[in-house]
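Containing compact mmCIF, C-alpha atoms: start-v1.txt.
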# COMPACT_ATOMS: atom_id res chain seq x y z
CA MET A 19 20.88 -88.00 142.01
CA SER A 20 19.90 -84.81 143.78
CA ILE A 21 17.54 -83.02 141.41
CA PRO A 22 13.96 -81.94 142.17
CA GLN A 23 11.59 -84.91 142.24
CA SER A 24 8.23 -85.38 140.52
CA GLY A 25 5.43 -86.80 142.60
CA GLY A 26 2.08 -85.14 141.99
CA GLY A 27 -0.40 -82.67 143.40
CA VAL A 28 -1.37 -81.59 146.89
CA ILE A 29 -1.49 -84.37 149.48
CA GLU A 30 -5.13 -84.80 150.46
CA ARG A 31 -4.94 -88.03 152.47
CA PHE A 32 -2.27 -89.26 154.86
CA GLU A 33 -2.44 -92.69 153.20
CA GLN A 34 -1.03 -91.22 149.98
CA LEU A 35 2.47 -91.22 151.50
CA ALA A 36 2.63 -95.00 151.80
CA GLU A 37 0.63 -95.42 148.59
CA MET A 38 3.43 -93.65 146.71
CA MET A 39 5.84 -96.38 147.84
CA GLU A 40 3.25 -99.08 147.12
CA SER A 41 2.90 -97.76 143.57
CA GLY A 42 6.43 -99.07 143.01
CA ASN A 43 5.16 -102.67 143.16
CA LYS A 44 5.94 -104.38 139.84
CA PRO A 45 5.63 -107.88 138.43
CA LYS A 46 8.99 -109.63 138.01
CA SER A 47 8.79 -109.20 134.24
CA ASP A 48 8.98 -105.42 134.76
CA TRP A 49 11.90 -105.38 137.21
CA ARG A 50 14.78 -103.21 136.03
CA ILE A 51 18.30 -102.22 137.08
CA GLY A 52 19.36 -98.59 137.61
CA THR A 53 23.03 -97.99 138.40
CA GLU A 54 24.48 -94.71 139.67
CA HIS A 55 28.11 -93.81 140.23
CA GLU A 56 29.99 -90.68 141.25
CA LYS A 57 33.57 -89.85 140.27
CA PHE A 58 36.06 -87.08 140.97
CA GLY A 59 37.30 -84.93 138.12
CA TRP A 60 40.89 -83.68 138.37
CA LEU A 61 43.26 -81.55 136.32
CA THR A 62 46.27 -83.48 135.05
CA ALA A 63 48.52 -80.41 135.18
CA THR A 64 47.98 -79.76 138.90
CA ARG A 65 46.15 -82.80 140.38
CA GLN A 66 43.58 -80.32 141.70
CA PRO A 67 39.82 -80.90 141.65
CA LEU A 68 37.88 -79.93 138.57
CA PRO A 69 36.25 -76.48 138.96
CA TYR A 70 32.74 -75.60 137.85
CA ASP A 71 33.76 -72.68 135.60
CA GLY A 72 36.64 -72.12 133.20
CA PRO A 73 38.11 -73.57 129.99
CA ALA A 74 38.78 -76.96 131.66
CA SER A 75 35.71 -77.30 133.86
CA ILE A 76 32.43 -78.99 134.59
CA SER A 77 30.47 -76.31 132.74
CA THR A 78 32.60 -76.91 129.63
CA LEU A 79 31.99 -80.65 129.86
CA PHE A 80 28.25 -80.10 130.22
CA ARG A 81 28.14 -77.71 127.27
CA ASP A 82 30.11 -80.00 124.96
CA LEU A 83 28.30 -83.19 126.01
CA SER A 84 25.05 -81.43 125.18
CA ALA A 85 26.28 -80.12 121.83
CA ARG A 86 28.00 -83.30 120.63
CA PHE A 87 25.96 -86.14 122.09
CA GLY A 88 22.40 -84.90 122.40
CA TRP A 89 22.13 -84.48 126.17
CA GLU A 90 19.50 -81.96 127.27
CA PRO A 91 20.74 -79.39 129.83
CA VAL A 92 19.12 -79.14 133.27
CA ARG A 93 19.44 -75.61 134.65
CA GLU A 94 19.15 -73.89 137.99
CA GLY A 95 18.97 -70.21 137.23
CA GLU A 96 21.61 -69.48 134.59
CA ASN A 97 23.77 -72.49 135.45
CA ILE A 98 23.71 -75.93 133.87
CA ILE A 99 23.61 -78.36 136.80
CA GLY A 100 22.89 -81.57 134.95
CA LEU A 101 22.02 -83.35 131.72
CA THR A 102 19.30 -85.79 130.71
CA ARG A 103 18.90 -88.21 127.79
CA ASN A 104 16.79 -91.31 127.18
CA GLY A 105 16.03 -91.95 130.84
CA ALA A 106 19.59 -91.33 132.07
CA ASN A 107 20.90 -88.29 133.92
CA VAL A 108 24.27 -86.70 134.57
CA SER A 109 24.25 -84.60 137.73
CA LEU A 110 26.58 -83.02 140.26
CA GLU A 111 27.29 -83.76 143.87
CA PRO A 112 28.28 -80.80 146.08
CA GLY A 113 32.06 -80.95 145.44
CA GLY A 114 31.68 -81.46 141.70
CA GLN A 115 31.54 -85.25 141.77
CA PHE A 116 30.31 -86.12 138.29
CA GLU A 117 27.43 -88.58 138.59
CA LEU A 118 25.86 -90.82 135.98
CA SER A 119 22.41 -92.03 136.97
CA GLY A 120 21.78 -94.68 134.38
CA ALA A 121 18.55 -95.56 132.64
CA ALA A 122 16.45 -98.46 133.90
CA VAL A 123 17.72 -101.51 131.97
CA GLU A 124 17.05 -105.25 131.99
CA THR A 125 20.55 -106.77 132.26
CA ILE A 126 23.99 -106.08 133.71
CA HIS A 127 25.37 -106.23 130.16
CA GLU A 128 23.25 -103.18 129.30
CA THR A 129 24.51 -101.41 132.41
CA ALA A 130 28.11 -102.17 131.39
CA ALA A 131 27.51 -100.91 127.85
CA GLU A 132 25.89 -97.73 129.17
CA LEU A 133 28.87 -97.10 131.46
CA GLN A 134 31.36 -97.68 128.65
CA ASN A 135 29.50 -95.30 126.35
CA HIS A 136 29.37 -92.65 129.09
CA LEU A 137 33.08 -92.92 129.85
CA ASP A 138 33.92 -92.77 126.14
CA GLU A 139 31.80 -89.66 125.61
CA VAL A 140 33.29 -87.91 128.64
CA ALA A 141 36.87 -88.86 127.71
CA SER A 142 36.48 -87.54 124.16
CA ILE A 143 35.91 -84.08 125.64
CA ALA A 144 37.95 -84.29 128.84
CA ASP A 145 41.22 -85.74 127.51
CA PRO A 146 42.08 -82.79 125.21
CA LEU A 147 41.34 -80.42 128.10
CA GLY A 148 43.70 -82.19 130.51
CA ILE A 149 40.88 -83.59 132.63
CA LYS A 150 40.69 -87.09 134.09
CA PHE A 151 38.26 -88.81 136.43
CA MET A 152 39.01 -91.25 139.22
CA GLY A 153 36.81 -93.89 140.78
CA ILE A 154 37.62 -93.87 144.48
CA GLY A 155 35.57 -93.65 147.66
CA ALA A 156 37.14 -90.49 149.10
CA ALA A 157 39.37 -87.71 147.82
CA PRO A 158 42.84 -88.80 148.98
CA GLU A 159 44.56 -85.43 149.39
CA TRP A 160 42.22 -82.51 148.77
CA ARG A 161 41.22 -80.45 151.79
CA HIS A 162 37.72 -79.09 152.29
CA GLU A 163 38.88 -75.63 151.25
CA ASP A 164 40.26 -77.07 148.00
CA MET A 165 36.88 -78.33 146.85
CA PRO A 166 34.76 -76.37 144.39
CA VAL A 167 31.21 -75.57 145.42
CA MET A 168 28.51 -76.37 142.90
CA PRO A 169 25.91 -73.65 142.13
CA LYS A 170 22.93 -75.54 143.57
CA GLY A 171 20.63 -74.04 146.19
CA ARG A 172 19.96 -77.42 147.79
CA TYR A 173 23.65 -77.81 148.61
CA ARG A 174 24.00 -74.37 150.14
CA LEU A 175 21.24 -75.24 152.61
CA MET A 176 22.62 -78.71 153.33
CA THR A 177 26.17 -77.45 153.93
CA ASP A 178 25.00 -75.13 156.69
CA TYR A 179 22.84 -77.78 158.33
CA MET A 180 25.46 -80.55 158.13
CA GLY A 181 27.88 -78.40 160.04
CA ARG A 182 25.42 -78.21 162.95
CA VAL A 183 24.15 -81.80 163.33
CA GLY A 184 27.20 -84.05 162.91
CA THR A 185 30.96 -84.21 162.67
CA HIS A 186 31.50 -85.50 159.11
CA GLY A 187 28.61 -84.16 157.00
CA THR A 188 30.55 -81.77 154.82
CA GLN A 189 33.21 -84.44 154.24
CA MET A 190 30.47 -86.68 152.84
CA MET A 191 29.10 -83.95 150.62
CA TYR A 192 32.31 -82.67 149.13
CA ARG A 193 34.91 -85.42 149.38
CA THR A 194 33.29 -88.85 148.89
CA SER A 195 32.03 -90.86 145.92
CA THR A 196 29.86 -93.96 145.76
CA VAL A 197 28.35 -96.48 143.38
CA GLN A 198 24.84 -97.77 144.00
CA VAL A 199 22.10 -99.74 142.30
CA ASN A 200 18.34 -99.24 142.39
CA LEU A 201 16.19 -102.37 142.28
CA ASP A 202 12.47 -103.12 142.14
CA TYR A 203 10.13 -105.08 144.38
CA ALA A 204 6.92 -106.98 143.66
CA SER A 205 4.92 -106.27 146.81
CA GLU A 206 5.16 -104.95 150.34
CA ALA A 207 6.32 -108.35 151.58
CA ASP A 208 8.95 -108.52 148.83
CA MET A 209 10.15 -105.02 149.71
CA VAL A 210 10.47 -105.97 153.37
CA LYS A 211 12.53 -109.07 152.66
CA LYS A 212 14.77 -107.31 150.15
CA LEU A 213 15.31 -104.35 152.47
CA ARG A 214 16.22 -106.58 155.41
CA VAL A 215 18.69 -108.63 153.35
CA SER A 216 20.21 -105.53 151.78
CA LEU A 217 20.65 -103.81 155.15
CA ALA A 218 22.20 -106.89 156.76
CA LEU A 219 24.57 -107.47 153.83
CA GLN A 220 25.44 -103.82 153.23
CA PRO A 221 28.61 -104.22 155.36
CA VAL A 222 29.70 -106.96 152.95
CA ALA A 223 29.37 -104.49 150.07
CA THR A 224 31.30 -101.90 152.08
CA ALA A 225 34.10 -104.39 152.67
CA LEU A 226 34.23 -105.79 149.11
CA PHE A 227 34.24 -102.35 147.48
CA ALA A 228 36.46 -100.54 150.04
CA SER A 229 38.59 -98.01 148.16
CA SER A 230 39.10 -95.05 150.50
CA PRO A 231 42.08 -95.77 152.79
CA PHE A 232 43.54 -92.27 152.30
CA PHE A 233 42.27 -88.86 153.41
CA ASP A 234 43.95 -85.49 153.96
CA GLY A 235 47.08 -86.82 152.26
CA LYS A 236 47.77 -89.89 154.39
CA PRO A 237 46.39 -93.29 155.44
CA ASN A 238 43.33 -92.80 157.63
CA GLY A 239 43.26 -96.12 159.50
CA HIS A 240 40.16 -97.35 157.62
CA LYS A 241 39.68 -99.40 154.48
CA SER A 242 36.54 -97.34 153.71
CA TRP A 243 36.77 -93.82 155.10
CA ARG A 244 33.64 -93.00 153.11
CA SER A 245 31.75 -95.50 155.28
CA ARG A 246 33.30 -94.01 158.42
CA ILE A 247 32.09 -90.57 157.38
CA TRP A 248 28.51 -91.81 157.16
CA ARG A 249 28.71 -92.90 160.80
CA GLY A 250 29.44 -89.32 161.87
CA LEU A 251 26.96 -87.44 159.77
CA ASP A 252 23.40 -87.15 161.11
CA ASP A 253 21.99 -90.00 163.18
CA SER A 254 18.42 -88.89 162.52
CA ARG A 255 18.62 -89.80 158.83
CA THR A 256 21.38 -92.44 158.46
CA GLY A 257 22.21 -95.93 159.66
CA MET A 258 21.03 -99.53 159.57
CA LEU A 259 17.29 -99.00 160.30
CA PRO A 260 16.89 -101.53 163.13
CA PHE A 261 13.10 -100.95 163.11
CA ALA A 262 12.98 -102.54 159.63
CA PHE A 263 13.50 -105.91 161.33
CA ASP A 264 10.56 -105.46 163.71
CA GLU A 265 7.48 -107.66 163.29
CA GLY A 266 4.86 -105.84 161.26
CA PHE A 267 7.29 -103.58 159.40
CA GLY A 268 6.07 -102.32 156.04
CA PHE A 269 5.50 -99.23 153.91
CA GLN A 270 3.74 -97.30 156.68
CA GLN A 271 6.46 -97.89 159.25
CA TYR A 272 9.06 -96.59 156.79
CA VAL A 273 6.89 -93.54 156.12
CA ASP A 274 6.59 -92.89 159.86
CA TRP A 275 10.39 -92.85 160.17
CA VAL A 276 10.86 -90.49 157.21
CA LEU A 277 8.20 -88.15 158.63
CA ASP A 278 10.24 -87.79 161.82
CA VAL A 279 13.43 -86.84 159.96
CA PRO A 280 13.90 -83.04 160.04
CA MET A 281 13.40 -81.29 156.71
CA TYR A 282 15.98 -79.52 154.61
CA PHE A 283 13.95 -77.48 152.11
CA VAL A 284 10.87 -76.97 149.97
CA TYR A 285 11.36 -76.52 146.23
CA ARG A 286 9.16 -73.88 144.59
CA ASP A 287 9.38 -72.09 141.23
CA GLY A 288 12.97 -73.11 140.62
CA LYS A 289 14.17 -72.09 144.08
CA TYR A 290 14.98 -73.90 147.33
CA ILE A 291 13.24 -72.46 150.38
CA SER A 292 14.95 -73.27 153.66
CA ALA A 293 12.96 -75.47 156.02
CA LEU A 294 16.01 -76.63 157.97
CA GLY A 295 15.06 -78.66 161.02
CA GLN A 296 11.32 -78.22 160.46
CA SER A 297 8.74 -81.01 160.50
CA PHE A 298 7.02 -82.59 157.52
CA ARG A 299 4.21 -83.58 159.89
CA ALA A 300 3.64 -79.87 160.53
CA PHE A 301 3.74 -79.29 156.76
CA LEU A 302 0.92 -81.83 156.35
CA ARG A 303 -1.15 -79.73 158.78
CA GLY A 304 -0.36 -76.51 156.91
CA GLU A 305 1.81 -75.34 159.82
CA LEU A 306 5.31 -75.32 158.30
CA PRO A 307 7.05 -72.14 159.53
CA ALA A 308 8.81 -71.75 156.18
CA MET A 309 5.49 -71.76 154.28
CA PRO A 310 2.63 -70.99 156.70
CA GLY A 311 -0.78 -72.09 155.53
CA GLU A 312 0.52 -74.09 152.58
CA LYS A 313 0.23 -77.87 152.40
CA PRO A 314 2.73 -80.17 150.69
CA THR A 315 2.46 -81.86 147.33
CA LEU A 316 3.50 -85.41 146.56
CA SER A 317 6.54 -83.86 144.85
CA ASP A 318 7.49 -82.29 148.19
CA TRP A 319 7.20 -85.71 149.80
CA ALA A 320 9.32 -87.27 147.05
CA ASP A 321 11.94 -84.55 147.65
CA HIS A 322 11.89 -85.16 151.41
CA MET A 323 12.41 -88.89 150.85
CA THR A 324 15.69 -88.07 149.06
CA THR A 325 17.02 -86.38 152.22
CA VAL A 326 17.21 -89.58 154.27
CA PHE A 327 20.41 -91.58 153.85
CA PRO A 328 20.23 -95.03 155.43
CA GLU A 329 22.51 -97.82 154.20
CA ALA A 330 19.61 -99.00 152.02
CA ARG A 331 16.86 -96.56 151.08
CA VAL A 332 13.30 -97.14 149.90
CA LYS A 333 11.40 -94.94 147.49
CA LYS A 334 9.46 -96.64 144.69
CA TYR A 335 12.43 -98.99 144.60
CA ILE A 336 15.31 -99.91 146.91
CA GLU A 337 18.71 -98.22 146.69
CA MET A 338 21.84 -100.10 147.82
CA ARG A 339 24.07 -97.37 149.26
CA GLY A 340 26.98 -99.01 151.11
CA ALA A 341 29.80 -99.13 148.54
CA ASP A 342 32.75 -96.91 147.66
CA CYS A 343 33.14 -96.09 143.99
CA GLY A 344 35.95 -97.99 142.29
CA ASP A 345 37.34 -98.86 138.89
CA GLN A 346 35.15 -99.64 135.89
CA ALA A 347 34.98 -103.36 136.65
CA HIS A 348 33.88 -102.67 140.23
CA ILE A 349 31.21 -100.19 139.07
CA ASN A 350 29.71 -103.01 137.01
CA ALA A 351 30.23 -105.57 139.77
CA LEU A 352 28.08 -103.63 142.26
CA PRO A 353 24.79 -104.02 140.37
CA ALA A 354 25.76 -107.59 139.47
CA PHE A 355 26.26 -108.45 143.15
CA TRP A 356 22.86 -107.15 144.23
CA VAL A 357 20.89 -108.32 141.19
CA GLY A 358 22.17 -111.85 141.77
CA LEU A 359 20.95 -111.71 145.37
CA MET A 360 17.69 -109.83 144.88
CA TYR A 361 16.22 -110.90 141.54
CA ASP A 362 16.38 -114.68 142.01
CA GLN A 363 14.04 -115.99 144.71
CA THR A 364 16.23 -118.95 145.63
CA ALA A 365 19.25 -116.67 146.13
CA LEU A 366 17.18 -114.14 148.09
CA ASP A 367 15.79 -116.83 150.39
CA ALA A 368 19.27 -118.24 150.97
CA ALA A 369 20.67 -114.75 151.64
CA TRP A 370 17.96 -114.21 154.26
CA ASP A 371 18.94 -117.52 155.85
CA LEU A 372 22.52 -116.17 156.09
CA VAL A 373 21.55 -113.07 158.06
CA LYS A 374 18.20 -113.64 159.75
CA GLY A 375 19.90 -114.62 163.02
CA PHE A 376 21.83 -111.35 163.30
CA ASP A 377 20.66 -108.94 165.99
CA ALA A 378 20.88 -105.16 165.67
CA GLU A 379 24.17 -105.06 167.60
CA THR A 380 25.77 -107.53 165.19
CA ARG A 381 24.54 -105.68 162.11
CA GLU A 382 25.88 -102.38 163.43
CA GLY A 383 29.11 -104.03 164.55
CA LEU A 384 29.65 -105.42 161.05
CA ARG A 385 29.03 -101.96 159.59
CA VAL A 386 31.77 -100.50 161.77
CA ALA A 387 34.12 -103.43 161.18
CA ALA A 388 33.71 -103.17 157.41
CA SER A 389 34.72 -99.52 157.36
CA VAL A 390 37.76 -100.08 159.57
CA ASP A 391 39.09 -103.48 158.54
CA GLY A 392 37.33 -104.37 155.30
CA LEU A 393 37.18 -108.10 154.71
CA GLN A 394 39.33 -108.68 157.80
CA GLY A 395 36.58 -107.28 160.03
CA GLU A 396 34.28 -109.25 162.29
CA ALA A 397 31.54 -108.67 164.85
CA GLY A 398 29.27 -110.85 166.93
CA GLY A 399 31.24 -113.91 165.95
CA VAL A 400 30.66 -113.22 162.23
CA LYS A 401 33.71 -112.82 159.98
CA LEU A 402 33.13 -110.51 157.04
CA HIS A 403 35.38 -112.56 154.76
CA ASP A 404 33.30 -115.68 155.38
CA LEU A 405 30.05 -113.76 154.95
CA ALA A 406 31.33 -112.17 151.74
CA ARG A 407 32.38 -115.54 150.34
CA ALA A 408 28.91 -116.92 150.96
CA ALA A 409 27.14 -113.82 149.59
CA VAL A 410 29.22 -113.68 146.40
CA GLY A 411 28.55 -117.39 145.88
CA LEU A 412 24.80 -116.86 146.23
CA SER A 413 24.92 -113.88 143.89
CA HIS A 414 26.81 -115.93 141.30
CA ALA A 415 24.16 -118.65 141.52
CA GLY A 416 21.36 -116.08 141.25
CA LEU A 417 22.88 -114.51 138.15
CA SER A 418 23.45 -117.94 136.61
CA ALA A 419 19.78 -118.75 137.15
CA ARG A 420 18.82 -115.63 135.17
CA GLY A 421 20.49 -117.26 132.14
CA GLN A 422 22.06 -114.06 130.76
CA GLY A 423 25.74 -114.79 131.40
CA GLU A 424 25.85 -111.82 133.79
CA GLU A 425 27.90 -113.69 136.39
CA ARG A 426 31.11 -112.72 134.57
CA HIS A 427 30.65 -109.20 135.94
CA LEU A 428 31.30 -110.59 139.43
CA ALA A 429 34.91 -111.37 138.49
CA PRO A 430 36.48 -108.60 140.64
CA LEU A 431 34.56 -109.80 143.69
CA VAL A 432 35.38 -113.46 143.09
CA GLU A 433 39.07 -112.48 143.01
CA THR A 434 38.72 -110.34 146.12
CA VAL A 435 37.08 -113.15 148.06
CA LYS A 436 39.80 -115.54 146.87
CA THR A 437 42.73 -113.30 147.85
CA GLY A 438 41.22 -111.23 150.65
CA MET A 439 42.62 -108.13 148.91
CA THR A 440 40.31 -105.18 148.19
CA GLN A 441 41.17 -102.09 146.18
CA ALA A 442 42.06 -100.40 149.48
CA ASP A 443 44.44 -103.23 150.43
CA ARG A 444 46.21 -103.11 147.08
CA TRP A 445 46.64 -99.35 147.22
CA LEU A 446 47.98 -99.45 150.77
CA ASP A 447 50.56 -102.05 149.72
CA LEU A 448 51.64 -99.87 146.80
CA TYR A 449 51.74 -96.77 149.00
CA ASN A 450 54.02 -98.49 151.50
CA GLY A 451 56.09 -100.09 148.73
CA ALA A 452 56.54 -99.01 145.13
CA TRP A 453 54.93 -95.59 145.64
CA LYS A 454 57.32 -94.77 148.50
CA ARG A 455 54.54 -93.23 150.61
CA SER A 456 53.53 -90.80 147.87
CA LEU A 457 49.91 -90.45 146.76
CA ALA A 458 50.80 -88.90 143.39
CA PRO A 459 50.62 -92.28 141.57
CA LEU A 460 47.15 -92.94 142.97
CA TYR A 461 45.49 -90.43 140.64
CA ASP A 462 46.37 -92.42 137.53
CA ALA A 463 45.95 -95.76 139.31
CA ALA A 464 42.36 -94.87 140.20
CA SER A 465 41.48 -93.19 136.91
CA LEU A 466 38.50 -94.42 134.94
Kindly present the structure from the file in structure tokens form.
Amino acid sequence: MSIPQSGGGVIERFEQLAEMMESGNKPKSDWRIGTEHEKFGWLTATRQPLPYDGPASISTLFRDLSARFGWEPVREGENIIGLTRNGANVSLEPGGQFELSGAAVETIHETAAELQNHLDEVASIADPLGIKFMGIGAAPEWRHEDMPVMPKGRYRLMTDYMGRVGTHGTQMMYRTSTVQVNLDYASEADMVKKLRVSLALQPVATALFASSPFFDGKPNGHKSWRSRIWRGLDDSRTGMLPFAFDEGFGFQQYVDWVLDVPMYFVYRDGKYISALGQSFRAFLRGELPAMPGEKPTLSDWADHMTTVFPEARVKKYIEMRGADCGDQAHINALPAFWVGLMYDQTALDAAWDLVKGFDAETREGLRVAASVDGLQGEAGGVKLHDLARAAVGLSHAGLSARGQGEERHLAPLVETVKTGMTQADRWLDLYNGAWKRSLAPLYDAASL
């Protein structure tokens, strides 16, 4: 969710940066689940992406969702760029990907109910307008020039910068969609263990949820092209964070890494001020070229923390970021998978035992293998299908131990592990068979 962050007043002590992360420590009784997913809107008459303006458009959806269902508009200038209600947000990614950032809830059942309610509300407005949404990791046919550009200052700055620092940045911004879950930690030590397990098993999530085998109108040679895009984006702010596995890693070491990531912007008085490539360390000294003499606030730091994109990201919680978006069942399965592994200590300990012997080369090799070959990938003698089978089993046990019956939400992953067939595999088989190498049927097949 890329909206301005709230953090606090002017930073007076360097230690406040790590203390912000430490303030996320919560007792287990207060742990919650926050699920986010992005989806592509498309016009049924033309199979073209949903524009921002017009009778059948994002702005119409925002207006009617606000009027009919009590969502409060979030504006940038004259434009509605998001909605908020009861701790949940609807926001926009750069190419118009419609994102629900759910409220913090206690169970996967609540997440599933929230998703169903959201899809029902959206469909009640979208269907009469000839609008549908699809859950898929990458836009299968649309070219960059086909994509609408959302009226958000942050994205104008990022688009320019992405074109200068990597090969795939604008593809990520405008033509990919993900599902992720945000989970809590109890302490610095708990954060470290959860981050290490989530980074090491992120390739398993990439493989299990792979749903982007098409791009620019044809097969792209990958099961998850979205994952491939992230490997060609900006090495300074992405990746598997090998330093997180170093002895002594903790909040401060993560802060040190984020401080060395070049800035994008500073948000002031409703406007984004370009600080592209500038240093937050200089900002702390009052020496930021974009704002000479001014020192940052904790809100500026919170904003800067949203501009790093590793496979798992830490703020006051941990974000699992490795999965393509998929159908409704897979959107629910993603938080179920990680909650089962992270919120039961026995499952978490066993998951660490699965991966603690991996070196950085193996972890990165699995990341690459997952994007290319999905469950058929392997690296360093580790087969992703075997690792996925073990991880899904541990997640199932962890959910069972919670005693909520949440393990039923793992059903798509249990079937995938059993058959070895991901969403990407099924769609490739249909493309080469019943669809007769046409992508037209994919739009309805992937619709939510």
Name the residues in contact with region 39-46 of chain A at a cut-off of 10 Å, using only C-alpha atoms, excluding same-chain residues fewer than 6 positions from it; report them as a list of chain:residue names. A:Asp202, A:Tyr203, A:Ala204, A:Ser205, A:Glu206, A:Asp208, A:Met209, A:Gly268, A:Phe269, A:Gln270, A:Tyr272, A:Val273, A:Ala320, A:Val332, A:Lys333, A:Lys334, A:Tyr335, A:Ile336, A:Tyr361, A:Asp362
Residue with smallest distance to Ala369 (chain A) - pool A:Phe227, A:Trp89, A:Trp356, A:Phe116, counting only C-alpha atoms: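 For Ala369 (chain A), the nearest of the candidates is A:Trp356.
Closest to Thr224 (chain A) among A:Ile154, A:Ala74, A:Val199, A:Ala341 is A:Ala341, based on all atoms listed in the file.
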Taking a cut-off of 9 Å and counting only C-alpha atoms, can you build a table that, for each residue of region 315-413 of chain A near region 122-129 of chain A, reports the nearest atom pair and how far apart they are in Å (one decimal), sorted by chain then residue number, as JSON lines?
{"residue": "A:Asn350", "atom": "CA", "partner": "A:Thr129", "partner_atom": "CA", "distance": 7.1}
{"residue": "A:Ala351", "atom": "CA", "partner": "A:Ile126", "partner_atom": "CA", "distance": 8.7}
{"residue": "A:Pro353", "atom": "CA", "partner": "A:Ile126", "partner_atom": "CA", "distance": 7.0}
{"residue": "A:Ala354", "atom": "CA", "partner": "A:Ile126", "partner_atom": "CA", "distance": 6.2}
{"residue": "A:Val357", "atom": "CA", "partner": "A:Ile126", "partner_atom": "CA", "distance": 8.4}
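Relative to CA of Lys401 (chain A), CA of Val435 (chain A) is found at 12.4 Å.
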With distances taken over all atoms listed in the file, the candidate from A:Trp243, A:Phe283, A:Phe355, A:Tyr173 nearest Gln220 (chain A) is A:Phe355
Can you measure CA of Lys211 (chain A) to CA of Ala368 (chain A) for me? One decimal in Å is fine.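 These atoms are spaced 11.5 Å apart.
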Between A:Ser119, A:Glu139, A:Glu265, A:Gly375, which is the closest to Ser84 (chain A) once you count only C-alpha atoms?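 Closest to Ser84 (chain A), using only C-alpha atoms: A:Glu139.
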Taking 2 positions as the minimum chain separation for residues in the same chain, which residues sit within 8 Å of Gly27 (chain A) when counting all atoms listed in the file? Answer as a PyMOL selection string. chain A and resi 25+29+315-317
What does the distance from CA of Thr53 (chain A) to CA of Leu133 (chain A) come to in Å, to one decimal?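 Those two atoms sit 9.1 Å apart.
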